[in-house]
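S.K.: Take a look at the following structure, please.
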Amino acid sequence: MNNSLKVLYDEHEIITGAIETARSAKSLIGINDEEYELAISELIRFFRVYADQYHHHKEEEILFPEMAKKNELLADGILKEMYDHHTWFREMLKAIELDFEHKQYLAASEKLDEYTEALVSHIAIENEELFQAAYTLFSDDELENIYFRFVDLDRELGDSKKLDLSELISELILEVKN
Ligand SMILES: [Fe+2]
Ligand SMILES: [Fe+2]
């Protein structure tokens, strides 16, 4: 498999780990609120920075526009749907943050459930339909070019910050499980 889309598949896997952690963290409500608070604030940060800034921006600024150039039907169809999801994710995350700041944990947790559920199906559509379509649309050279643009975007945002966030999720998975 050409490297470029593997970057996105790998990010999806890390985001999926965060989604599972968000789900497990719910069991802490009322039992260990302090730990729940800490886990959720880190997860919110992860979703805002890693899932949105690093991941969704790669799709929105690089992959989707390149796909749209190749096929207008995609632009008005599945790509528009994916952009709309990203916008909804951002709004939802803001609402979750607000509930969380006001210590409305149950409301925050319900919204977080809705957010993670939608993110799971969003990722499934991209993995199973969109990225497959991308492989048929682009030549190897084009895919390589996309890959280098992904690398540049990560570098601009900070490679070490990205690594720290994925490590944070691995640690959080262990902490929440114990
Ligand atoms: Fe996406
Ligand atoms: Fe994605």
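Labels for the structure tokens follow display order: chains A, B, ..., residues from 1 in each chain, ligands from 1.
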Residues within 8 Å of stretch 67-81 of chain A, please, as a PDB file with C-alpha atoms, in the first residue's frame. Count only C-alpha atoms; anything in the same chain fewer than 5 positions from it doesn't count.

M.R.:
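Okay, this is what ended up in around-v7.pdb:
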ATOM      1  CA  LEU A 130     -13.510   7.062   0.435  1.00  0.00           C
ATOM      2  CA  ALA A 134      -8.817   7.627  -3.704  1.00  0.00           C
ATOM      3  CA  LEU A 137      -8.376   8.087  -8.667  1.00  0.00           C
TER       4      LEU A 137
END

S.K.: Would you mind listing what lies within 12 Å of stretch 54-59 of chain A as a PyMOL selection string, with only C-alpha atoms counted and same-chain residues fewer than 4 positions away left out?

M.R.: chain A and resi 4-5+7-15+46-50+63-68+79-80+82-87+89-90+119+122-123+126+130-131+134+146-159+161-163+165-166

S.K.: Please determine, counting only C-alpha atoms, which residue among A:Ala18, A:Leu143, A:Asn3, A:Phe100 has the shortest atom-to-atom distance to A:Val120.

M.R.: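 Of the candidates, the smallest distance to A:Val120 is held by A:Ala18.
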
S.K.: To one decimal place, how far is atom CA of A:Ile44 from atom CA of A:Leu93 in Å?

M.R.: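 We find that atom CA of A:Ile44 and atom CA of A:Leu93 lie 7.3 Å from each other.
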